[in-house]
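Q: One structure, pasted below without further comment.
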Amino acid sequence: MPEFITVGKADEFADGQVKRLTLGDKEIGVARVGKEFFAFEDVCTHDDGPLAEGTLEGEVIECPRHGAKFSIRTGEVLSMPASWLLQGQSGKWRCQSLS
Ligand code: FES
């Protein structure tokens, strides 16, 4: 059975904003795109860059260190130098707005 953890109120996240949160021993990024929310591990799969500090355009986040791009919906790598899926939304985490 899934466990849900409240990380904030929907209106605390502006559209297009990414927030870094700590859940247990994990740093995660939570992004709002329109009415949807996405969660991902705040670790770039290229070289551990802080993705939540990157630039979000639509559903694409760009790592601030070397510019790899990922889909925050699927975790897919959209631009090198990363070659491994971003962990999060496509895996064990799901965001659900309760409002
Ligand atoms: S650490 Fe993210 S692109 Fe290199």
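Following the order of the structure tokens, chains are lettered A, B, ..., residues in each are numbered from 1, and ligands are numbered from 1.
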Could you pull out all residues of chain A with a DSSP call of helix (DSSP H, G or I) and give them as a list in words?
A: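 Taking chain A and keeping helix (DSSP H, G or I) gives Ala10, Asp11, Glu12, Leu51, Ala52 and Glu53 of chain A.
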Q: Write down as JSON, numbers by chain the residues of chain A whose backbone DSSP state falls under strand (DSSP E).
A: {"A": [18, 19, 20, 21, 22, 23, 26, 27, 28, 29, 30, 31, 32, 33, 36, 37, 38, 39, 40, 41, 55, 56, 57, 60, 61, 62, 69, 70, 71, 77, 78, 79]}
Q: Excluding Leu21 of chain A and residues on its chain fewer than 4 positions from it, collect all residues at most 8 Å away from it, counting only C-alpha atoms, and give them as a PDB file with C-alpha atoms, in the first residue's frame.
A:
```
ATOM      1  CA  VAL A   7       4.935  18.168   1.577  1.00  0.00           C
ATOM      2  CA  GLU A  27      16.661  15.086  -1.156  1.00  0.00           C
ATOM      3  CA  ILE A  28      13.855  15.383  -3.676  1.00  0.00           C
ATOM      4  CA  GLY A  29      12.654  18.029  -6.048  1.00  0.00           C
ATOM      5  CA  VAL A  30       8.951  18.763  -6.326  1.00  0.00           C
TER       6      VAL A  30
END
```
Q: If we count only C-alpha atoms, what is near Pro81 of chain A at a cut-off of 9 Å, once residues fewer than 4 positions away on the same chain are taken out, given as a list of chain:residue names?
A: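 Those residues are A:His46, A:His66, A:Gly67, A:Ala68, A:Lys69.
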Q: Counting only C-alpha atoms and all ligand atoms, which residues of chain A sit at most 8 Å from some atom of ligand 1, and what is each one's closest atom pair with its distance in Å to one decimal, listed by chain and rising residue number, as a Markdown table?
A:
```
| residue | atom | partner | partner_atom_place_in_ligand_line | distance |
| --- | --- | --- | --- | --- |
| A:Val43 | CA | ligand 1 | 2 (Fe) | 7.8 |
| A:Cys44 | CA | ligand 1 | 2 (Fe) | 4.6 |
| A:Thr45 | CA | ligand 1 | 2 (Fe) | 6.6 |
| A:His46 | CA | ligand 1 | 4 (Fe) | 4.7 |
| A:Asp47 | CA | ligand 1 | 1 (S) | 3.8 |
| A:Asp48 | CA | ligand 1 | 1 (S) | 5.0 |
| A:Gly49 | CA | ligand 1 | 1 (S) | 3.8 |
| A:Pro50 | CA | ligand 1 | 2 (Fe) | 7.3 |
| A:Leu51 | CA | ligand 1 | 2 (Fe) | 7.0 |
| A:Glu62 | CA | ligand 1 | 3 (S) | 7.8 |
| A:Cys63 | CA | ligand 1 | 2 (Fe) | 4.6 |
| A:Pro64 | CA | ligand 1 | 2 (Fe) | 6.6 |
| A:Arg65 | CA | ligand 1 | 1 (S) | 5.1 |
| A:His66 | CA | ligand 1 | 3 (S) | 3.8 |
| A:Gly67 | CA | ligand 1 | 3 (S) | 4.8 |
| A:Ala68 | CA | ligand 1 | 3 (S) | 4.2 |
| A:Lys69 | CA | ligand 1 | 3 (S) | 7.6 |
| A:Met80 | CA | ligand 1 | 3 (S) | 7.2 |
| A:Pro81 | CA | ligand 1 | 3 (S) | 5.7 |
| A:Ala82 | CA | ligand 1 | 3 (S) | 5.8 |
```
Q: What would the file look like if the residues just selected were written as a compact mmCIF listing (two decimals), in the first residue's frame with N, CA and C atoms?
A:
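Writing done, so here's again.txt:
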```
# COMPACT_ATOMS: atom_id res chain seq x y z
N VAL A 43 19.10 14.38 -7.62
CA VAL A 43 20.46 13.96 -7.93
C VAL A 43 20.52 13.68 -9.43
N CYS A 44 21.29 14.47 -10.13
CA CYS A 44 21.46 14.24 -11.57
C CYS A 44 22.20 12.92 -11.77
N THR A 45 21.73 12.14 -12.71
CA THR A 45 22.34 10.82 -12.93
C THR A 45 23.66 10.92 -13.69
N HIS A 46 24.04 12.11 -14.11
CA HIS A 46 25.36 12.24 -14.75
C HIS A 46 26.46 12.29 -13.71
N ASP A 47 26.38 13.26 -12.79
CA ASP A 47 27.46 13.42 -11.82
C ASP A 47 26.93 14.03 -10.52
N ASP A 48 25.73 13.61 -10.14
CA ASP A 48 25.14 13.98 -8.85
C ASP A 48 24.84 15.47 -8.69
N GLY A 49 24.62 16.18 -9.77
CA GLY A 49 24.29 17.60 -9.68
C GLY A 49 22.94 17.82 -9.01
N PRO A 50 22.75 19.02 -8.42
CA PRO A 50 21.50 19.36 -7.71
C PRO A 50 20.41 19.81 -8.69
N LEU A 51 19.64 18.87 -9.17
CA LEU A 51 18.66 19.19 -10.22
C LEU A 51 17.64 20.23 -9.82
N GLU A 62 16.69 21.18 -16.59
CA GLU A 62 18.08 21.17 -17.03
C GLU A 62 18.99 21.26 -15.82
N CYS A 63 19.92 20.34 -15.75
CA CYS A 63 20.88 20.31 -14.64
C CYS A 63 21.77 21.55 -14.69
N PRO A 64 21.97 22.19 -13.53
CA PRO A 64 22.78 23.41 -13.52
C PRO A 64 24.27 23.15 -13.69
N ARG A 65 24.70 21.90 -13.56
CA ARG A 65 26.16 21.65 -13.63
C ARG A 65 26.67 21.50 -15.05
N HIS A 66 26.10 20.58 -15.84
CA HIS A 66 26.63 20.35 -17.19
C HIS A 66 25.54 20.36 -18.26
N GLY A 67 24.32 20.68 -17.87
CA GLY A 67 23.27 20.90 -18.87
C GLY A 67 22.47 19.71 -19.32
N ALA A 68 22.60 18.56 -18.68
CA ALA A 68 21.73 17.43 -19.05
C ALA A 68 20.28 17.82 -18.83
N LYS A 69 19.41 17.30 -19.70
CA LYS A 69 17.99 17.60 -19.57
C LYS A 69 17.21 16.30 -19.37
N MET A 80 22.26 14.86 -23.39
CA MET A 80 23.51 14.44 -22.75
C MET A 80 24.04 15.60 -21.90
N PRO A 81 24.94 15.34 -20.97
CA PRO A 81 25.77 14.16 -20.85
C PRO A 81 25.18 13.03 -20.00
N ALA A 82 24.01 13.20 -19.42
CA ALA A 82 23.43 12.10 -18.64
C ALA A 82 22.96 11.00 -19.59
```
